[in-house]
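Colleague: Quick one, my_file.pdb (PDB, C-alpha atoms):
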```pdb
ATOM      1  CA  MET O   1     296.506  43.411  41.175
ATOM      2  CA  TRP O   2     294.831  40.386  39.550
ATOM      3  CA  SER O   3     294.692  40.717  35.770
ATOM      4  CA  LYS O   4     292.674  39.048  33.043
ATOM      5  CA  GLU O   5     295.947  37.586  31.739
ATOM      6  CA  GLN O   6     296.632  35.955  35.122
ATOM      7  CA  ALA O   7     293.149  34.480  35.073
ATOM      8  CA  LEU O   8     293.606  33.067  31.572
ATOM      9  CA  THR O   9     296.947  31.469  32.439
ATOM     10  CA  ASN O  10     295.677  29.799  35.617
ATOM     11  CA  ALA O  11     295.017  26.102  34.896
ATOM     12  CA  GLU O  12     292.133  25.833  37.363
ATOM     13  CA  ILE O  13     290.355  28.883  35.937
ATOM     14  CA  ARG O  14     290.801  27.454  32.430
ATOM     15  CA  LYS O  15     289.197  24.211  33.660
ATOM     16  CA  MET O  16     286.306  26.149  35.156
ATOM     17  CA  ARG O  17     285.766  28.105  31.932
ATOM     18  CA  ASN O  18     285.835  24.844  29.925
ATOM     19  CA  GLY O  19     283.093  23.164  31.974
ATOM     20  CA  GLU O  20     285.511  20.903  33.869
ATOM     21  CA  TRP O  21     285.857  20.471  37.636
ATOM     22  CA  PRO O  22     288.380  22.992  38.963
ATOM     23  CA  ASP O  23     290.191  22.891  42.287
ATOM     24  CA  PHE O  24     288.800  25.890  44.176
ATOM     25  CA  SER O  25     291.557  25.640  46.785
ATOM     26  CA  ASP O  26     294.149  26.553  44.112
ATOM     27  CA  ALA O  27     296.168  29.622  45.178
ATOM     28  CA  GLY O  28     295.520  31.435  41.893
ATOM     29  CA  MET O  29     291.792  30.757  42.091
ATOM     30  CA  GLN O  30     291.698  32.064  45.662
ATOM     31  CA  ALA O  31     293.716  35.164  44.690
ATOM     32  CA  GLY O  32     291.131  35.902  41.988
ATOM     33  CA  PHE O  33     288.231  35.508  44.429
ATOM     34  CA  LYS O  34     289.956  37.791  46.944
ATOM     35  CA  HIS O  35     290.678  40.421  44.290
ATOM     36  CA  ALA O  36     287.030  40.473  43.166
ATOM     37  CA  LYS O  37     285.593  40.561  46.690
ATOM     38  CA  GLN O  38     287.841  43.459  47.725
ATOM     39  CA  LEU O  39     286.849  45.485  44.649
ATOM     40  CA  LEU O  40     283.159  44.685  45.174
ATOM     41  CA  ALA O  41     283.407  45.918  48.764
ATOM     42  CA  LYS O  42     284.788  49.246  47.486
ATOM     43  CA  LEU O  43     282.107  49.446  44.809
ATOM     44  CA  ARG O  44     279.331  48.947  47.395
ATOM     45  CA  MET O  45     280.350  52.223  49.014
ATOM     46  CA  MET O  46     280.175  54.193  45.740
ATOM     47  CA  SER O  47     277.667  55.629  43.344
ATOM     48  CA  THR O  48     278.151  55.811  39.596
ATOM     49  CA  TYR O  49     278.938  59.523  40.090
ATOM     50  CA  ASP O  50     281.772  59.107  42.606
ATOM     51  CA  ASP O  51     285.414  59.756  41.840
ATOM     52  CA  GLY O  52     287.144  56.419  41.527
ATOM     53  CA  TYR O  53     283.999  54.491  40.539
ATOM     54  CA  ARG O  54     285.192  53.886  36.980
ATOM     55  CA  ALA O  55     288.683  52.782  38.059
ATOM     56  CA  VAL O  56     287.250  50.204  40.480
ATOM     57  CA  LEU O  57     284.825  48.934  37.834
ATOM     58  CA  GLU O  58     287.593  48.613  35.230
ATOM     59  CA  ALA O  59     289.807  46.747  37.701
ATOM     60  CA  LEU O  60     286.925  44.348  38.418
ATOM     61  CA  ILE O  61     285.834  43.805  34.791
ATOM     62  CA  PRO O  62     288.840  44.279  32.504
ATOM     63  CA  GLY O  63     287.919  45.674  29.096
ATOM     64  CA  ILE O  64     284.527  47.057  30.139
ATOM     65  CA  PRO O  65     283.543  49.694  27.560
ATOM     66  CA  ALA O  66     283.483  53.307  28.746
ATOM     67  CA  SER O  67     279.831  53.565  27.663
ATOM     68  CA  THR O  68     278.734  50.645  29.865
ATOM     69  CA  VAL O  69     277.403  51.251  33.384
ATOM     70  CA  ILE O  70     276.927  48.940  36.365
ATOM     71  CA  CYS O  71     275.021  50.444  39.298
ATOM     72  CA  PRO O  72     276.219  49.368  42.732
ATOM     73  CA  PRO O  73     275.680  47.235  44.628
ATOM     74  CA  PHE O  74     276.826  44.519  42.260
ATOM     75  CA  HIS O  75     277.876  40.954  43.025
ATOM     76  CA  CYS O  76     280.053  38.529  41.058
ATOM     77  CA  ASP O  77     282.524  35.725  41.677
ATOM     78  CA  HIS O  78     285.457  36.807  39.516
ATOM     79  CA  GLY O  79     284.712  39.808  37.290
ATOM     80  CA  HIS O  80     287.151  38.717  34.585
ATOM     81  CA  GLY O  81     284.531  36.264  33.272
ATOM     82  CA  ILE O  82     282.099  39.063  32.376
ATOM     83  CA  ILE O  83     282.234  40.404  28.803
ATOM     84  CA  LEU O  84     280.019  43.397  28.089
ATOM     85  CA  GLY O  85     279.212  45.247  24.867
ATOM     86  CA  GLU O  86     278.954  48.986  24.341
ATOM     87  CA  HIS O  87     276.116  50.901  26.042
ATOM     88  CA  VAL O  88     275.074  48.062  28.367
ATOM     89  CA  PHE O  89     273.214  49.253  31.465
ATOM     90  CA  ILE O  90     273.096  47.007  34.540
ATOM     91  CA  ASN O  91     270.886  48.321  37.322
ATOM     92  CA  ALA O  92     271.417  47.902  41.081
ATOM     93  CA  ASN O  93     271.757  44.677  43.048
ATOM     94  CA  CYS O  94     272.479  42.291  40.189
ATOM     95  CA  THR O  95     274.376  39.045  40.752
ATOM     96  CA  PHE O  96     276.528  37.566  37.969
ATOM     97  CA  LEU O  97     278.239  34.302  38.980
ATOM     98  CA  ASP O  98     280.894  34.161  36.286
ATOM     99  CA  GLY O  99     282.563  30.768  36.666
ATOM    100  CA  ALA O 100     282.027  30.399  32.913
ATOM    101  CA  TYR O 101     281.845  33.438  30.674
ATOM    102  CA  ILE O 102     278.849  35.756  30.811
ATOM    103  CA  ARG O 103     278.542  37.694  27.557
ATOM    104  CA  ILE O 104     276.071  40.555  27.157
ATOM    105  CA  GLY O 105     275.598  42.291  23.814
ATOM    106  CA  ALA O 106     275.564  46.001  23.069
ATOM    107  CA  HIS O 107     272.650  48.215  24.095
ATOM    108  CA  THR O 108     271.191  45.626  26.467
ATOM    109  CA  LEU O 109     269.355  46.795  29.582
ATOM    110  CA  ILE O 110     269.469  44.702  32.761
ATOM    111  CA  ALA O 111     266.901  45.645  35.428
ATOM    112  CA  PRO O 112     267.525  45.520  39.211
ATOM    113  CA  ASN O 113     268.016  42.213  41.018
ATOM    114  CA  VAL O 114     268.711  40.163  37.875
ATOM    115  CA  GLN O 115     270.690  37.015  38.592
ATOM    116  CA  ILE O 116     272.857  35.278  35.990
ATOM    117  CA  TYR O 117     274.305  31.941  37.076
ATOM    118  CA  THR O 118     276.949  29.896  35.280
ATOM    119  CA  PRO O 119     277.810  27.399  38.087
ATOM    120  CA  HIS O 120     276.007  24.072  38.122
ATOM    121  CA  HIS O 121     276.419  21.471  40.862
ATOM    122  CA  PRO O 122     276.243  17.698  40.276
ATOM    123  CA  LEU O 123     272.957  15.919  40.974
ATOM    124  CA  ASP O 124     274.838  13.242  42.942
ATOM    125  CA  TYR O 125     275.040  14.451  46.550
ATOM    126  CA  ARG O 126     278.367  12.665  47.095
ATOM    127  CA  LEU O 127     280.011  14.779  44.418
ATOM    128  CA  ARG O 128     278.405  17.931  45.845
ATOM    129  CA  ARG O 129     279.927  17.063  49.236
ATOM    130  CA  GLU O 130     283.337  17.045  47.526
ATOM    131  CA  GLY O 131     282.745  20.623  46.384
ATOM    132  CA  ARG O 132     282.411  19.674  42.726
ATOM    133  CA  GLU O 133     281.037  22.322  40.425
ATOM    134  CA  TYR O 134     280.741  22.810  36.682
ATOM    135  CA  ALA O 135     280.213  26.134  34.932
ATOM    136  CA  TYR O 136     278.364  26.679  31.656
ATOM    137  CA  PRO O 137     278.456  30.005  29.759
ATOM    138  CA  VAL O 138     275.516  32.390  29.481
ATOM    139  CA  THR O 139     275.015  34.691  26.514
ATOM    140  CA  VAL O 140     272.538  37.556  26.271
ATOM    141  CA  GLY O 141     272.306  39.152  22.828
ATOM    142  CA  ALA O 142     272.321  42.788  21.759
ATOM    143  CA  ASP O 143     269.409  45.176  22.292
ATOM    144  CA  CYS O 144     267.746  42.992  24.932
ATOM    145  CA  TRP O 145     265.787  44.053  27.988
ATOM    146  CA  ILE O 146     265.956  41.708  30.974
ATOM    147  CA  GLY O 147     263.191  42.510  33.476
ATOM    148  CA  GLY O 148     263.673  42.924  37.209
ATOM    149  CA  SER O 149     264.449  39.861  39.331
ATOM    150  CA  ALA O 150     264.781  37.572  36.307
ATOM    151  CA  VAL O 151     267.020  34.537  36.796
ATOM    152  CA  ILE O 152     269.106  33.218  33.899
ATOM    153  CA  CYS O 153     270.344  29.661  34.471
ATOM    154  CA  PRO O 154     273.663  28.060  33.422
ATOM    155  CA  GLY O 155     274.197  27.383  29.730
ATOM    156  CA  VAL O 156     271.362  29.606  28.452
ATOM    157  CA  THR O 157     271.591  31.767  25.325
ATOM    158  CA  ILE O 158     269.138  34.621  24.853
ATOM    159  CA  GLY O 159     269.056  35.932  21.279
ATOM    160  CA  ASP O 160     269.199  39.510  20.052
ATOM    161  CA  ARG O 161     266.366  41.981  20.631
ATOM    162  CA  CYS O 162     264.594  39.857  23.255
ATOM    163  CA  VAL O 163     262.506  41.017  26.189
ATOM    164  CA  ILE O 164     262.471  38.782  29.267
ATOM    165  CA  GLY O 165     259.625  39.547  31.674
ATOM    166  CA  ALA O 166     260.221  40.505  35.292
ATOM    167  CA  GLY O 167     260.529  37.542  37.638
ATOM    168  CA  SER O 168     261.106  35.040  34.823
ATOM    169  CA  VAL O 169     263.340  32.000  35.316
ATOM    170  CA  VAL O 170     265.127  31.311  32.028
ATOM    171  CA  THR O 171     266.078  27.623  31.836
ATOM    172  CA  GLN O 172     266.246  27.219  28.028
ATOM    173  CA  ASP O 173     267.555  29.176  25.064
ATOM    174  CA  ILE O 174     265.348  32.006  23.799
ATOM    175  CA  PRO O 175     265.473  32.794  20.038
ATOM    176  CA  ASP O 176     266.030  36.271  18.582
ATOM    177  CA  ASP O 177     263.161  38.761  18.660
ATOM    178  CA  SER O 178     261.160  37.036  21.393
ATOM    179  CA  LEU O 179     259.022  38.233  24.271
ATOM    180  CA  ALA O 180     259.420  35.547  26.932
ATOM    181  CA  VAL O 181     257.969  35.372  30.449
ATOM    182  CA  GLY O 182     257.251  33.019  33.322
ATOM    183  CA  ASN O 183     258.693  30.252  35.448
ATOM    184  CA  PRO O 184     259.896  28.421  33.540
ATOM    185  CA  CYS O 185     260.316  31.195  30.995
ATOM    186  CA  ARG O 186     258.649  30.570  27.638
ATOM    187  CA  VAL O 187     258.216  32.584  24.458
ATOM    188  CA  ILE O 188     254.740  34.098  24.329
ATOM    189  CA  ARG O 189     255.171  35.980  21.069
ATOM    190  CA  ARG O 190     257.667  37.114  18.486
ATOM    191  CA  LEU O 191     258.705  40.768  18.380
ATOM    192  CA  THR O 192     258.771  42.273  14.911
TER     193      THR O 192
END
```
Output the structure of this file as structure tokens.
Modeller:
Amino acid sequence: MWSKEQALTNAEIRKMRNGEWPDFSDAGMQAGFKHAKQLLAKLRMMSTYDDGYRAVLEALIPGIPASTVICPPFHCDHGHGIILGEHVFINANCTFLDGAYIRIGAHTLIAPNVQIYTPHHPLDYRLRREGREYAYPVTVGADCWIGGSAVICPGVTIGDRCVIGAGSVVTQDIPDDSLAVGNPCRVIRRLT
């Protein structure tokens, strides 16, 4: 079993979480990928009502609050890079690429097909050919609602109590209490 402690002590995972270039061929990194993919395969065959669902989810995302729900199918790279608050609801078919940390505040609702990306590849094609990749953290505040099929790009912070419209592509930070929509996503009004 791959634990959060193993992830934190692996030098390559620490590099990845710090925005440096990790070595993805590292045995510990590969063990973490394998662990996550095997758990995700089990989760795909379950509903939130099935016996064993919670145990698989807790093995995938250590420390997930009991009040937080993720509807299968769900996709992620590691699982141990996802930090969720109380009463978070993540609907079906979401993808969270957690090379860097993805933090989601309490009482936030994530609609189906939302994609949160932390990996970022170099602009120089030669470095991309070498398999180079950075990861920048994503933070979504408390009491947010992220609309269906929204995409949140690496390094973005969405403040508390925000609503992100369906289909939006969030490329910049969004301040607290904002209604933001579009591609690229922009604030269209403040929520009071």
Colleague: Residues near segment 142-147 of chain O, anyone? I mean within 6 Å using only C-alpha atoms, not counting same-chain ones fewer than 5 positions away, as a list in words.
Modeller: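 So, after excluding close chain neighbours, the residues are Gly105, Ala106, His107, Thr108, Leu109, Ile110, Ala111, Asp160, Arg161, Cys162, Val163, Ile164, Gly165 and Ala166 of chain O.
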Colleague: Have a look at O:Leu191, O:Ile90, O:Val138, O:Val156 and name the one nearest to Arg103 of chain O; count all atoms listed in the file.
Modeller: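 When distances to Arg103 of chain O are compared using all atoms listed in the file, the smallest one comes from O:Val138.
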Colleague: For Gly79 of chain O, which of O:Leu39, O:Val170, O:Val114, O:Met45 is the closest residue, counting all atoms listed in the file?
Modeller: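 Closest residue, counting all atoms listed in the file: O:Leu39.
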Colleague: Which residues would end up in the selection if the PyMOL selection byres ((chain O and resi 121-136) around 6) were applied here, given that I need the answer as a ChimeraX atom specification?
Modeller: /O:19-21,99-100,118-120,137,154-155
Colleague: Let me know the residues the PyMOL selection byres ((chain O and resi 41) around 12) catches in the file above, as a PyMOL selection string.
Modeller: chain O and resi 34-40+42-46+53+56-57+60+72-76
Colleague: Using the chain letters and residue numbers of this document, give as a ChimeraX atom specification the residues selected by the PyMOL selection byres ((chain O and resi 11) around 12).
Modeller: /O:5-10,12-18,20-24,26-29
Colleague: Using only C-alpha atoms, please write the residues we just selected to a file, as a compact mmCIF listing (two decimals), in the frame of the given file.
Modeller:
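After the write, selection-v3.txt holds the following:
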```txt
# COMPACT_ATOMS: atom_id res chain seq x y z
CA GLU O 5 295.95 37.59 31.74
CA GLN O 6 296.63 35.96 35.12
CA ALA O 7 293.15 34.48 35.07
CA LEU O 8 293.61 33.07 31.57
CA THR O 9 296.95 31.47 32.44
CA ASN O 10 295.68 29.80 35.62
CA GLU O 12 292.13 25.83 37.36
CA ILE O 13 290.36 28.88 35.94
CA ARG O 14 290.80 27.45 32.43
CA LYS O 15 289.20 24.21 33.66
CA MET O 16 286.31 26.15 35.16
CA ARG O 17 285.77 28.10 31.93
CA ASN O 18 285.83 24.84 29.92
CA GLU O 20 285.51 20.90 33.87
CA TRP O 21 285.86 20.47 37.64
CA PRO O 22 288.38 22.99 38.96
CA ASP O 23 290.19 22.89 42.29
CA PHE O 24 288.80 25.89 44.18
CA ASP O 26 294.15 26.55 44.11
CA ALA O 27 296.17 29.62 45.18
CA GLY O 28 295.52 31.44 41.89
CA MET O 29 291.79 30.76 42.09
```
Colleague: One number please: atom CA of Ala66 of chain O to atom CA of Ala92 of chain O, in Å, one decimal.
Modeller: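 Atom CA of Ala92 of chain O lies at a distance of 18.1 Å from atom CA of Ala66 of chain O.
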Colleague: What is the distance, in Å and to one decimal place, between atom CA of Gly63 of chain O and atom CA of Val169 of chain O?
Modeller: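 Atom-to-atom, atom CA of Gly63 of chain O to atom CA of Val169 of chain O, that is 28.8 Å.
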Colleague: Could you please fill out segment 128-153 of chain O with N, CA and C atoms and send it back as a PDB file, in the frame of the given file?
Modeller:
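This is the output file selection.pdb:
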```pdb
ATOM      1  N   ARG O 128     278.610  16.587  45.274  1.00  0.00           N
ATOM      2  CA  ARG O 128     278.405  17.931  45.845  1.00  0.00           C
ATOM      3  C   ARG O 128     279.161  18.076  47.161  1.00  0.00           C
ATOM      4  N   ARG O 129     279.192  17.006  47.969  1.00  0.00           N
ATOM      5  CA  ARG O 129     279.927  17.063  49.236  1.00  0.00           C
ATOM      6  C   ARG O 129     281.421  17.282  49.015  1.00  0.00           C
ATOM      7  N   GLU O 130     281.918  16.857  47.863  1.00  0.00           N
ATOM      8  CA  GLU O 130     283.337  17.045  47.526  1.00  0.00           C
ATOM      9  C   GLU O 130     283.619  18.459  47.006  1.00  0.00           C
ATOM     10  N   GLY O 131     282.563  19.261  46.879  1.00  0.00           N
ATOM     11  CA  GLY O 131     282.745  20.623  46.384  1.00  0.00           C
ATOM     12  C   GLY O 131     282.840  20.706  44.871  1.00  0.00           C
ATOM     13  N   ARG O 132     282.350  19.684  44.189  1.00  0.00           N
ATOM     14  CA  ARG O 132     282.411  19.674  42.726  1.00  0.00           C
ATOM     15  C   ARG O 132     281.434  20.686  42.147  1.00  0.00           C
ATOM     16  N   GLU O 133     281.863  21.309  41.073  1.00  0.00           N
ATOM     17  CA  GLU O 133     281.037  22.322  40.425  1.00  0.00           C
ATOM     18  C   GLU O 133     281.472  22.465  38.974  1.00  0.00           C
ATOM     19  N   TYR O 134     280.504  22.502  38.085  1.00  0.00           N
ATOM     20  CA  TYR O 134     280.741  22.810  36.682  1.00  0.00           C
ATOM     21  C   TYR O 134     280.348  24.263  36.464  1.00  0.00           C
ATOM     22  N   ALA O 135     280.708  24.814  35.313  1.00  0.00           N
ATOM     23  CA  ALA O 135     280.213  26.134  34.932  1.00  0.00           C
ATOM     24  C   ALA O 135     279.940  26.121  33.430  1.00  0.00           C
ATOM     25  N   TYR O 136     278.768  26.629  33.052  1.00  0.00           N
ATOM     26  CA  TYR O 136     278.364  26.679  31.656  1.00  0.00           C
ATOM     27  C   TYR O 136     278.084  28.129  31.278  1.00  0.00           C
ATOM     28  N   PRO O 137     278.583  28.591  30.125  1.00  0.00           N
ATOM     29  CA  PRO O 137     278.456  30.005  29.759  1.00  0.00           C
ATOM     30  C   PRO O 137     277.022  30.449  29.532  1.00  0.00           C
ATOM     31  N   VAL O 138     276.809  31.742  29.747  1.00  0.00           N
ATOM     32  CA  VAL O 138     275.516  32.390  29.481  1.00  0.00           C
ATOM     33  C   VAL O 138     275.777  33.533  28.509  1.00  0.00           C
ATOM     34  N   THR O 139     274.916  33.614  27.495  1.00  0.00           N
ATOM     35  CA  THR O 139     275.015  34.691  26.514  1.00  0.00           C
ATOM     36  C   THR O 139     273.672  35.397  26.410  1.00  0.00           C
ATOM     37  N   VAL O 140     273.716  36.720  26.492  1.00  0.00           N
ATOM     38  CA  VAL O 140     272.538  37.556  26.271  1.00  0.00           C
ATOM     39  C   VAL O 140     272.886  38.433  25.076  1.00  0.00           C
ATOM     40  N   GLY O 141     272.028  38.430  24.063  1.00  0.00           N
ATOM     41  CA  GLY O 141     272.306  39.152  22.828  1.00  0.00           C
ATOM     42  C   GLY O 141     272.254  40.658  22.969  1.00  0.00           C
ATOM     43  N   ALA O 142     272.365  41.325  21.822  1.00  0.00           N
ATOM     44  CA  ALA O 142     272.321  42.788  21.759  1.00  0.00           C
ATOM     45  C   ALA O 142     270.878  43.278  21.791  1.00  0.00           C
ATOM     46  N   ASP O 143     270.706  44.487  22.283  1.00  0.00           N
ATOM     47  CA  ASP O 143     269.409  45.176  22.292  1.00  0.00           C
ATOM     48  C   ASP O 143     268.328  44.416  23.051  1.00  0.00           C
ATOM     49  N   CYS O 144     268.711  43.716  24.097  1.00  0.00           N
ATOM     50  CA  CYS O 144     267.746  42.992  24.932  1.00  0.00           C
ATOM     51  C   CYS O 144     267.336  43.852  26.123  1.00  0.00           C
ATOM     52  N   TRP O 145     266.242  43.463  26.737  1.00  0.00           N
ATOM     53  CA  TRP O 145     265.787  44.053  27.988  1.00  0.00           C
ATOM     54  C   TRP O 145     265.438  42.891  28.900  1.00  0.00           C
ATOM     55  N   ILE O 146     266.177  42.769  29.998  1.00  0.00           N
ATOM     56  CA  ILE O 146     265.956  41.708  30.974  1.00  0.00           C
ATOM     57  C   ILE O 146     265.250  42.342  32.170  1.00  0.00           C
ATOM     58  N   GLY O 147     264.007  41.913  32.429  1.00  0.00           N
ATOM     59  CA  GLY O 147     263.191  42.510  33.476  1.00  0.00           C
ATOM     60  C   GLY O 147     263.681  42.206  34.879  1.00  0.00           C
ATOM     61  N   GLY O 148     263.251  43.023  35.823  1.00  0.00           N
ATOM     62  CA  GLY O 148     263.673  42.924  37.209  1.00  0.00           C
ATOM     63  C   GLY O 148     263.477  41.547  37.820  1.00  0.00           C
ATOM     64  N   SER O 149     264.454  41.130  38.584  1.00  0.00           N
ATOM     65  CA  SER O 149     264.449  39.861  39.331  1.00  0.00           C
ATOM     66  C   SER O 149     264.374  38.623  38.448  1.00  0.00           C
ATOM     67  N   ALA O 150     264.685  38.760  37.167  1.00  0.00           N
ATOM     68  CA  ALA O 150     264.781  37.572  36.307  1.00  0.00           C
ATOM     69  C   ALA O 150     266.007  36.757  36.719  1.00  0.00           C
ATOM     70  N   VAL O 151     265.919  35.451  36.522  1.00  0.00           N
ATOM     71  CA  VAL O 151     267.020  34.537  36.796  1.00  0.00           C
ATOM     72  C   VAL O 151     267.370  33.837  35.485  1.00  0.00           C
ATOM     73  N   ILE O 152     268.638  33.896  35.106  1.00  0.00           N
ATOM     74  CA  ILE O 152     269.106  33.218  33.899  1.00  0.00           C
ATOM     75  C   ILE O 152     270.027  32.091  34.342  1.00  0.00           C
ATOM     76  N   CYS O 153     269.655  30.870  33.993  1.00  0.00           N
ATOM     77  CA  CYS O 153     270.344  29.661  34.471  1.00  0.00           C
ATOM     78  C   CYS O 153     271.553  29.310  33.611  1.00  0.00           C
TER      79      CYS O 153
END
```
